[in-house]
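Comments concern the structure below.
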Amino acid sequence: MSSPVAVPAAVRPTHLVRVPVTTVWSAPDSPRPVDEPIVRDVPDAREWLAALDANAGDDESGNGRLGLHGRVETQLLEDEPVTVVGTDPSGSWAQVVAPWQLSPKDERGYPGWVPAAHLASVVAEHSPPAPPPHPAPGSVDDDATHPAVAEARRHLGLPYLWCGTTPLGFDCSGLVLHAWRLLGLVVARDAYAQAESATPIDLDSVQPGDLYFFARPGRRIHHVGIVVRPGRMVHASETGGVLVEEDLPADRVATLVAAGRLPTP
């Protein structure tokens, strides 16, 4: 059984997400015309992704999925709790913090803006739901002893999505967030924050389910992968465009800076 997620009283949620998935934006004016399907009152994530892919390379439309950089912060799933901390003048956008996605940006949870129509008020006396239980994994190799490895492998070949936290598309840290949420655990949202919160592990001592972290010289960590075995990982690769399992290629070895271990139930 998954462990329930405890939401601290200081960040007691005011609302729950009422749609299958909502995208969290940097500002109410961040969505482009191509993003219209995901900001409707009843959003359609598949239509949105198809529109992004159809407009890839079209600078006038914001260059498809790559144009999400700087516009999108993360995604929230149905029944995920948020605390509304403000609204735009029209009242059609809610400024929220999401306590199931930890972040140095705000101690209350990951911050950003979502369409107000995507939220429903929480009944004060009711607790927010726990994340869903982990699905039974399919057949995996003997080295995949960690459930996060098995879960990540279920999505091999899935196209990369900046900000993605769902099986419709992941970014690197969104895959980690997803896998540990299915274990009933709240973890940090971004790769650099996951590195800061993980227990450091020597690179020569990694085990399945540990995390590899990557950074360029003088820069903060920008990428994370889930260790399958030493020297091999499964990760959502923006440069490769899909979720892939692979031995560390030369460019990844050159930027591998740390390993860490997140808790498991």
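Please note that chains go A, B, ... in the order of the structure tokens, that every chain numbers its residues from 1, and that ligands are numbered from 1 in the order shown.
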For this session: Extract the full set of helix (DSSP H, G or I) residues from stretch 96-252 of chain A according to DSSP on the backbone, and format it as a PyMOL selection string.
Result: chain A and resi 116-118+147-153+172-181+191-197+203-205+250-252
Problem set entry | Residue contacts of A:Pro99 (6 Å, only C-alpha atoms) excluding same-chain residues fewer than 2 positions away, as a list of chain:residue names |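 Listed by chain and then number, they are A:Gln101, A:Arg108, A:Gly109.
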Residues at most 10 Å from stretch 224-237 of chain A, counting only C-alpha atoms, excluding those fewer than 5 positions away in the same chain, as a CSV table (one decimal) with N, CA and C atoms, in the first residue's frame?
chain,number,residue,atom,x,y,z
A,141,ASP,N,13.8,-6.8,-15.8
A,141,ASP,CA,15.0,-7.5,-15.5
A,141,ASP,C,15.3,-7.5,-14.1
A,143,ASP,N,17.9,-6.5,-12.6
A,143,ASP,CA,18.5,-5.4,-12.0
A,143,ASP,C,17.5,-4.3,-11.7
A,144,ALA,N,16.3,-4.4,-12.1
A,144,ALA,CA,15.3,-3.4,-11.8
A,144,ALA,C,14.5,-3.7,-10.5
A,145,THR,N,15.3,-3.6,-9.4
A,145,THR,CA,14.7,-4.0,-8.1
A,145,THR,C,13.9,-2.9,-7.5
A,146,HIS,N,14.1,-1.7,-8.0
A,146,HIS,CA,13.4,-0.5,-7.5
A,146,HIS,C,12.1,-0.2,-8.2
A,148,ALA,N,10.6,2.5,-8.9
A,148,ALA,CA,10.7,3.7,-9.7
A,148,ALA,C,11.3,3.3,-11.1
A,149,VAL,N,12.2,2.3,-11.1
A,149,VAL,CA,12.8,1.9,-12.4
A,149,VAL,C,11.7,1.2,-13.2
A,150,ALA,N,11.0,0.3,-12.6
A,150,ALA,CA,9.9,-0.4,-13.3
A,150,ALA,C,8.9,0.6,-13.8
A,152,ALA,N,9.3,3.8,-14.6
A,152,ALA,CA,9.8,4.6,-15.7
A,152,ALA,C,9.9,3.8,-17.0
A,153,ARG,N,10.2,2.5,-16.8
A,153,ARG,CA,10.3,1.6,-18.0
A,153,ARG,C,8.9,1.5,-18.7
A,155,HIS,N,7.1,3.7,-19.6
A,155,HIS,CA,6.8,4.8,-20.5
A,155,HIS,C,8.0,5.0,-21.5
A,156,LEU,N,8.8,4.0,-21.7
A,156,LEU,CA,9.9,4.2,-22.7
A,156,LEU,C,9.3,4.5,-24.1
A,157,GLY,N,10.0,5.5,-24.7
A,157,GLY,CA,9.5,6.0,-26.0
A,157,GLY,C,8.5,7.1,-26.0
A,158,LEU,N,8.1,7.5,-24.8
A,158,LEU,CA,7.1,8.6,-24.7
A,158,LEU,C,7.8,9.9,-25.1
A,159,PRO,N,7.2,10.7,-25.9
A,159,PRO,CA,7.8,12.0,-26.3
A,159,PRO,C,8.0,12.9,-25.1
A,160,TYR,N,9.1,13.6,-25.1
A,160,TYR,CA,9.4,14.5,-24.0
A,160,TYR,C,8.5,15.7,-24.0
A,161,LEU,N,8.1,16.2,-22.8
A,161,LEU,CA,7.3,17.4,-22.6
A,161,LEU,C,7.9,18.2,-21.5
A,162,TRP,N,8.4,19.4,-21.9
A,162,TRP,CA,8.8,20.4,-20.8
A,162,TRP,C,7.7,20.6,-19.9
A,164,GLY,N,6.2,18.4,-18.1
A,164,GLY,CA,5.3,17.3,-18.0
A,164,GLY,C,5.4,16.4,-16.8
A,169,GLY,N,3.3,12.8,-21.2
A,169,GLY,CA,4.6,13.4,-21.5
A,169,GLY,C,5.3,13.9,-20.2
A,170,PHE,N,6.6,13.5,-20.1
A,170,PHE,CA,7.3,13.9,-18.9
A,170,PHE,C,8.5,14.8,-19.3
A,171,ASP,N,9.0,15.6,-18.4
A,171,ASP,CA,10.3,16.1,-18.4
A,171,ASP,C,11.1,15.3,-17.4
A,172,CYS,N,12.4,15.5,-17.3
A,172,CYS,CA,13.3,14.6,-16.5
A,172,CYS,C,12.9,14.6,-15.1
A,173,SER,N,12.7,15.7,-14.4
A,173,SER,CA,12.3,15.7,-13.0
A,173,SER,C,10.8,15.4,-12.8
A,174,GLY,N,10.0,15.7,-13.9
A,174,GLY,CA,8.6,15.3,-13.8
A,174,GLY,C,8.4,13.8,-13.7
A,175,LEU,N,9.3,13.0,-14.4
A,175,LEU,CA,9.3,11.6,-14.3
A,175,LEU,C,9.6,11.1,-12.9
A,176,VAL,N,10.6,11.7,-12.3
A,176,VAL,CA,10.9,11.4,-10.9
A,176,VAL,C,9.8,11.7,-10.0
A,179,ALA,N,7.1,9.0,-10.4
A,179,ALA,CA,7.4,7.7,-9.9
A,179,ALA,C,7.3,7.7,-8.4
A,190,ASP,N,11.8,20.1,-9.2
A,190,ASP,CA,12.9,20.4,-10.2
A,190,ASP,C,14.1,19.6,-9.9
A,191,ALA,N,14.9,19.3,-11.0
A,191,ALA,CA,16.1,18.5,-10.8
A,191,ALA,C,17.1,19.0,-9.8
A,192,TYR,N,17.4,20.3,-9.8
A,192,TYR,CA,18.3,20.9,-8.9
A,192,TYR,C,17.8,20.8,-7.4
A,194,GLN,N,15.7,18.4,-6.4
A,194,GLN,CA,15.7,17.0,-6.1
A,194,GLN,C,17.1,16.6,-5.6
A,195,ALA,N,18.2,17.2,-6.2
A,195,ALA,CA,19.5,17.0,-5.8
A,195,ALA,C,19.8,17.5,-4.4
A,203,LEU,N,29.3,8.2,-6.5
A,203,LEU,CA,29.0,7.8,-7.9
A,203,LEU,C,29.3,6.3,-8.1
A,204,ASP,N,30.3,5.8,-7.4
A,204,ASP,CA,30.7,4.4,-7.6
A,204,ASP,C,29.8,3.4,-6.7
A,205,SER,N,28.9,4.0,-6.0
A,205,SER,CA,28.1,3.2,-5.1
A,205,SER,C,26.6,3.2,-5.3
A,206,VAL,N,26.2,3.7,-6.5
A,206,VAL,CA,24.8,3.8,-6.8
A,206,VAL,C,24.1,2.5,-7.0
A,207,GLN,N,22.8,2.4,-6.6
A,207,GLN,CA,22.0,1.3,-6.7
A,207,GLN,C,20.8,1.6,-7.6
A,208,PRO,N,20.1,0.6,-8.1
A,208,PRO,CA,18.8,0.8,-8.8
A,208,PRO,C,17.9,1.7,-8.0
A,209,GLY,N,17.4,2.7,-8.7
A,209,GLY,CA,16.4,3.7,-8.0
A,209,GLY,C,17.1,4.9,-7.5
A,210,ASP,N,18.5,4.9,-7.4
A,210,ASP,CA,19.1,6.2,-7.1
A,210,ASP,C,19.0,7.1,-8.3
A,211,LEU,N,19.4,8.4,-8.1
A,211,LEU,CA,19.3,9.4,-9.1
A,211,LEU,C,20.7,9.9,-9.5
A,212,TYR,N,20.9,10.0,-10.9
A,212,TYR,CA,22.1,10.7,-11.4
A,212,TYR,C,21.7,12.2,-11.7
A,213,PHE,N,22.6,13.1,-11.3
A,213,PHE,CA,22.4,14.5,-11.6
A,213,PHE,C,23.5,15.1,-12.5
A,214,PHE,N,23.1,16.0,-13.4
A,214,PHE,CA,23.9,16.5,-14.4
A,214,PHE,C,23.9,18.0,-14.4
A,215,ALA,N,25.1,18.6,-14.6
A,215,ALA,CA,25.3,20.1,-14.7
A,215,ALA,C,26.5,20.4,-15.5
A,242,VAL,N,12.7,11.8,-26.3
A,242,VAL,CA,11.8,10.8,-25.8
A,242,VAL,C,12.3,10.3,-24.4
A,243,LEU,N,11.5,9.5,-23.8
A,243,LEU,CA,11.9,8.8,-22.5
A,243,LEU,C,12.7,7.5,-23.0
A,244,VAL,N,13.9,7.4,-22.5
A,244,VAL,CA,14.8,6.4,-23.0
A,244,VAL,C,15.6,5.7,-21.8
A,245,GLU,N,15.9,4.5,-22.0
A,245,GLU,CA,16.9,3.8,-21.1
A,245,GLU,C,18.2,3.6,-21.9
A,246,GLU,N,19.3,3.9,-21.3
A,246,GLU,CA,20.6,3.8,-22.0
A,246,GLU,C,21.8,3.8,-21.1
A,247,ASP,N,22.9,3.3,-21.5
A,247,ASP,CA,24.1,3.5,-20.9
A,247,ASP,C,24.5,4.9,-21.1
A,248,LEU,N,25.2,5.5,-20.1
A,248,LEU,CA,25.5,6.9,-20.1
A,248,LEU,C,26.4,7.2,-21.3
A,249,PRO,N,25.9,8.0,-22.3
A,249,PRO,CA,26.8,8.4,-23.4
A,249,PRO,C,27.8,9.4,-23.0
A,253,VAL,N,28.3,11.5,-19.4
A,253,VAL,CA,29.4,11.3,-18.5
A,253,VAL,C,30.1,12.6,-18.2
A,256,LEU,N,28.0,14.6,-15.6
A,256,LEU,CA,27.6,13.9,-14.4
A,256,LEU,C,28.3,14.4,-13.2
A,258,ALA,N,26.8,14.3,-9.7
A,258,ALA,CA,26.4,13.8,-8.4
A,258,ALA,C,25.4,12.7,-8.6
A,259,ALA,N,25.2,12.0,-7.5
A,259,ALA,CA,24.2,11.0,-7.4
A,259,ALA,C,23.5,11.1,-6.0
A,260,GLY,N,22.3,10.7,-5.9
A,260,GLY,CA,21.5,10.9,-4.7
A,260,GLY,C,20.5,9.8,-4.5
A,261,ARG,N,19.9,9.7,-3.3
A,261,ARG,CA,18.9,8.7,-3.0
A,261,ARG,C,17.7,9.4,-2.3
Strand (DSSP E or B) positions in stretch 58-131 of chain A, given as a PDB file with N, CA and C atoms, in the first residue's frame:
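See states.pdb below for the written result:
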ATOM      1  N   VAL A  72       5.848  27.818 -18.959  1.00  0.00           N
ATOM      2  CA  VAL A  72       5.189  26.780 -18.174  1.00  0.00           C
ATOM      3  C   VAL A  72       6.077  26.377 -17.008  1.00  0.00           C
ATOM      4  N   GLU A  73       5.454  26.136 -15.848  1.00  0.00           N
ATOM      5  CA  GLU A  73       6.179  25.772 -14.639  1.00  0.00           C
ATOM      6  C   GLU A  73       6.096  24.278 -14.325  1.00  0.00           C
ATOM      7  N   THR A  74       4.897  23.721 -14.349  1.00  0.00           N
ATOM      8  CA  THR A  74       4.694  22.316 -14.035  1.00  0.00           C
ATOM      9  C   THR A  74       3.279  21.949 -14.455  1.00  0.00           C
ATOM     10  N   GLN A  75       2.834  20.765 -14.069  1.00  0.00           N
ATOM     11  CA  GLN A  75       1.457  20.337 -14.296  1.00  0.00           C
ATOM     12  C   GLN A  75       0.903  19.751 -13.000  1.00  0.00           C
ATOM     13  N   LEU A  76      -0.417  19.830 -12.861  1.00  0.00           N
ATOM     14  CA  LEU A  76      -1.122  19.286 -11.707  1.00  0.00           C
ATOM     15  C   LEU A  76      -2.179  18.299 -12.193  1.00  0.00           C
ATOM     16  N   LEU A  77      -2.401  17.260 -11.408  1.00  0.00           N
ATOM     17  CA  LEU A  77      -3.345  16.222 -11.784  1.00  0.00           C
ATOM     18  C   LEU A  77      -4.660  16.365 -11.037  1.00  0.00           C
ATOM     19  N   PRO A  81      -4.100  18.816  -4.518  1.00  0.00           N
ATOM     20  CA  PRO A  81      -4.466  20.007  -3.751  1.00  0.00           C
ATOM     21  C   PRO A  81      -3.600  21.205  -4.093  1.00  0.00           C
ATOM     22  N   VAL A  82      -4.187  22.391  -3.999  1.00  0.00           N
ATOM     23  CA  VAL A  82      -3.461  23.654  -4.144  1.00  0.00           C
ATOM     24  C   VAL A  82      -4.001  24.635  -3.122  1.00  0.00           C
ATOM     25  N   THR A  83      -3.191  25.636  -2.838  1.00  0.00           N
ATOM     26  CA  THR A  83      -3.647  26.776  -2.054  1.00  0.00           C
ATOM     27  C   THR A  83      -3.680  27.983  -2.976  1.00  0.00           C
ATOM     28  N   VAL A  84      -4.834  28.584  -3.133  1.00  0.00           N
ATOM     29  CA  VAL A  84      -4.966  29.789  -3.956  1.00  0.00           C
ATOM     30  C   VAL A  84      -4.488  30.976  -3.130  1.00  0.00           C
ATOM     31  N   VAL A  85      -3.517  31.708  -3.682  1.00  0.00           N
ATOM     32  CA  VAL A  85      -2.930  32.853  -2.961  1.00  0.00           C
ATOM     33  C   VAL A  85      -3.230  34.177  -3.653  1.00  0.00           C
ATOM     34  N   GLY A  86      -3.935  34.132  -4.777  1.00  0.00           N
ATOM     35  CA  GLY A  86      -4.290  35.369  -5.480  1.00  0.00           C
ATOM     36  C   GLY A  86      -5.037  35.052  -6.751  1.00  0.00           C
ATOM     37  N   THR A  87      -5.571  36.096  -7.381  1.00  0.00           N
ATOM     38  CA  THR A  87      -6.244  35.978  -8.672  1.00  0.00           C
ATOM     39  C   THR A  87      -5.842  37.152  -9.547  1.00  0.00           C
ATOM     40  N   TRP A  93      -8.039  33.661 -13.670  1.00  0.00           N
ATOM     41  CA  TRP A  93      -6.795  32.942 -13.388  1.00  0.00           C
ATOM     42  C   TRP A  93      -6.534  32.974 -11.885  1.00  0.00           C
ATOM     43  N   ALA A  94      -6.084  31.829 -11.353  1.00  0.00           N
ATOM     44  CA  ALA A  94      -5.758  31.713  -9.934  1.00  0.00           C
ATOM     45  C   ALA A  94      -4.254  31.529  -9.769  1.00  0.00           C
ATOM     46  N   GLN A  95      -3.692  32.296  -8.853  1.00  0.00           N
ATOM     47  CA  GLN A  95      -2.294  32.105  -8.481  1.00  0.00           C
ATOM     48  C   GLN A  95      -2.266  31.082  -7.350  1.00  0.00           C
ATOM     49  N   VAL A  96      -1.488  30.009  -7.522  1.00  0.00           N
ATOM     50  CA  VAL A  96      -1.542  28.893  -6.584  1.00  0.00           C
ATOM     51  C   VAL A  96      -0.146  28.492  -6.128  1.00  0.00           C
ATOM     52  N   VAL A  97      -0.112  27.773  -5.018  1.00  0.00           N
ATOM     53  CA  VAL A  97       1.052  26.990  -4.628  1.00  0.00           C
ATOM     54  C   VAL A  97       0.581  25.553  -4.466  1.00  0.00           C
ATOM     55  N   ALA A  98       1.426  24.614  -4.915  1.00  0.00           N
ATOM     56  CA  ALA A  98       1.041  23.201  -4.959  1.00  0.00           C
ATOM     57  C   ALA A  98       1.888  22.413  -3.969  1.00  0.00           C
ATOM     58  N   GLN A 101       4.259  19.335  -4.632  1.00  0.00           N
ATOM     59  CA  GLN A 101       5.436  19.534  -5.466  1.00  0.00           C
ATOM     60  C   GLN A 101       6.344  20.538  -4.750  1.00  0.00           C
ATOM     61  N   LEU A 102       7.325  20.036  -4.024  1.00  0.00           N
ATOM     62  CA  LEU A 102       8.168  20.883  -3.193  1.00  0.00           C
ATOM     63  C   LEU A 102       9.109  21.717  -4.060  1.00  0.00           C
ATOM     64  N   TYR A 110       4.939  24.379  -5.016  1.00  0.00           N
ATOM     65  CA  TYR A 110       5.351  24.941  -6.301  1.00  0.00           C
ATOM     66  C   TYR A 110       4.382  26.035  -6.745  1.00  0.00           C
ATOM     67  N   PRO A 111       4.905  27.223  -7.110  1.00  0.00           N
ATOM     68  CA  PRO A 111       4.019  28.342  -7.435  1.00  0.00           C
ATOM     69  C   PRO A 111       3.760  28.485  -8.930  1.00  0.00           C
ATOM     70  N   GLY A 112       2.636  29.131  -9.253  1.00  0.00           N
ATOM     71  CA  GLY A 112       2.322  29.454 -10.633  1.00  0.00           C
ATOM     72  C   GLY A 112       0.858  29.818 -10.787  1.00  0.00           C
ATOM     73  N   TRP A 113       0.416  29.881 -12.036  1.00  0.00           N
ATOM     74  CA  TRP A 113      -0.946  30.311 -12.371  1.00  0.00           C
ATOM     75  C   TRP A 113      -1.676  29.220 -13.145  1.00  0.00           C
ATOM     76  N   VAL A 114      -2.951  29.003 -12.802  1.00  0.00           N
ATOM     77  CA  VAL A 114      -3.794  28.054 -13.518  1.00  0.00           C
ATOM     78  C   VAL A 114      -5.148  28.702 -13.792  1.00  0.00           C
ATOM     79  N   PRO A 115      -5.852  28.249 -14.826  1.00  0.00           N
ATOM     80  CA  PRO A 115      -7.211  28.743 -15.028  1.00  0.00           C
ATOM     81  C   PRO A 115      -8.084  28.435 -13.812  1.00  0.00           C
ATOM     82  N   LEU A 119     -10.252  24.538 -11.028  1.00  0.00           N
ATOM     83  CA  LEU A 119     -10.180  24.266  -9.595  1.00  0.00           C
ATOM     84  C   LEU A 119     -11.577  24.173  -8.983  1.00  0.00           C
ATOM     85  N   ALA A 120     -11.666  23.404  -7.914  1.00  0.00           N
ATOM     86  CA  ALA A 120     -12.897  23.316  -7.117  1.00  0.00           C
ATOM     87  C   ALA A 120     -12.529  23.516  -5.658  1.00  0.00           C
ATOM     88  N   SER A 121     -13.378  24.208  -4.918  1.00  0.00           N
ATOM     89  CA  SER A 121     -13.101  24.499  -3.519  1.00  0.00           C
ATOM     90  C   SER A 121     -13.077  23.216  -2.691  1.00  0.00           C
TER      91      SER A 121
END
For this session: Find the residue from A:Val34, A:Leu16, A:Ala27, A:Ala193 that sits nearest to A:Asp79; use only C-alpha atoms when measuring.
Result: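 The closest residue to A:Asp79 is A:Leu16.
For the atom pair formed by atom CA of A:Arg220 and atom CA of A:Leu177, the distance is 19.0 Å, given to one decimal.
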Exercise. To one decimal place, how far is atom CA of A:Ala50 from atom CA of A:Ile38 in Å?
Worked result: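 Taking atom CA of A:Ala50 and atom CA of A:Ile38, their separation equals 11.2 Å.
Minimum atom-to-atom distances from A:Lys105, A:Asn55, A:His69, A:Ala116 to A:Thr22 were compared using only C-alpha atoms, and the lowest value belongs to A:Ala116.
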Exercise. So how many Å separate atom CA of A:Pro20 and atom CA of A:Ser197, to one decimal?
Worked result: 28.6 Å
Problem set entry | Top pick for closest residue to A:Pro217, considering A:Ala54, A:Gly64, A:Arg189, A:Ala254 and counting only C-alpha atoms |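 Looking only at the distances to A:Pro217, the closest residue turns out to be A:Ala254.
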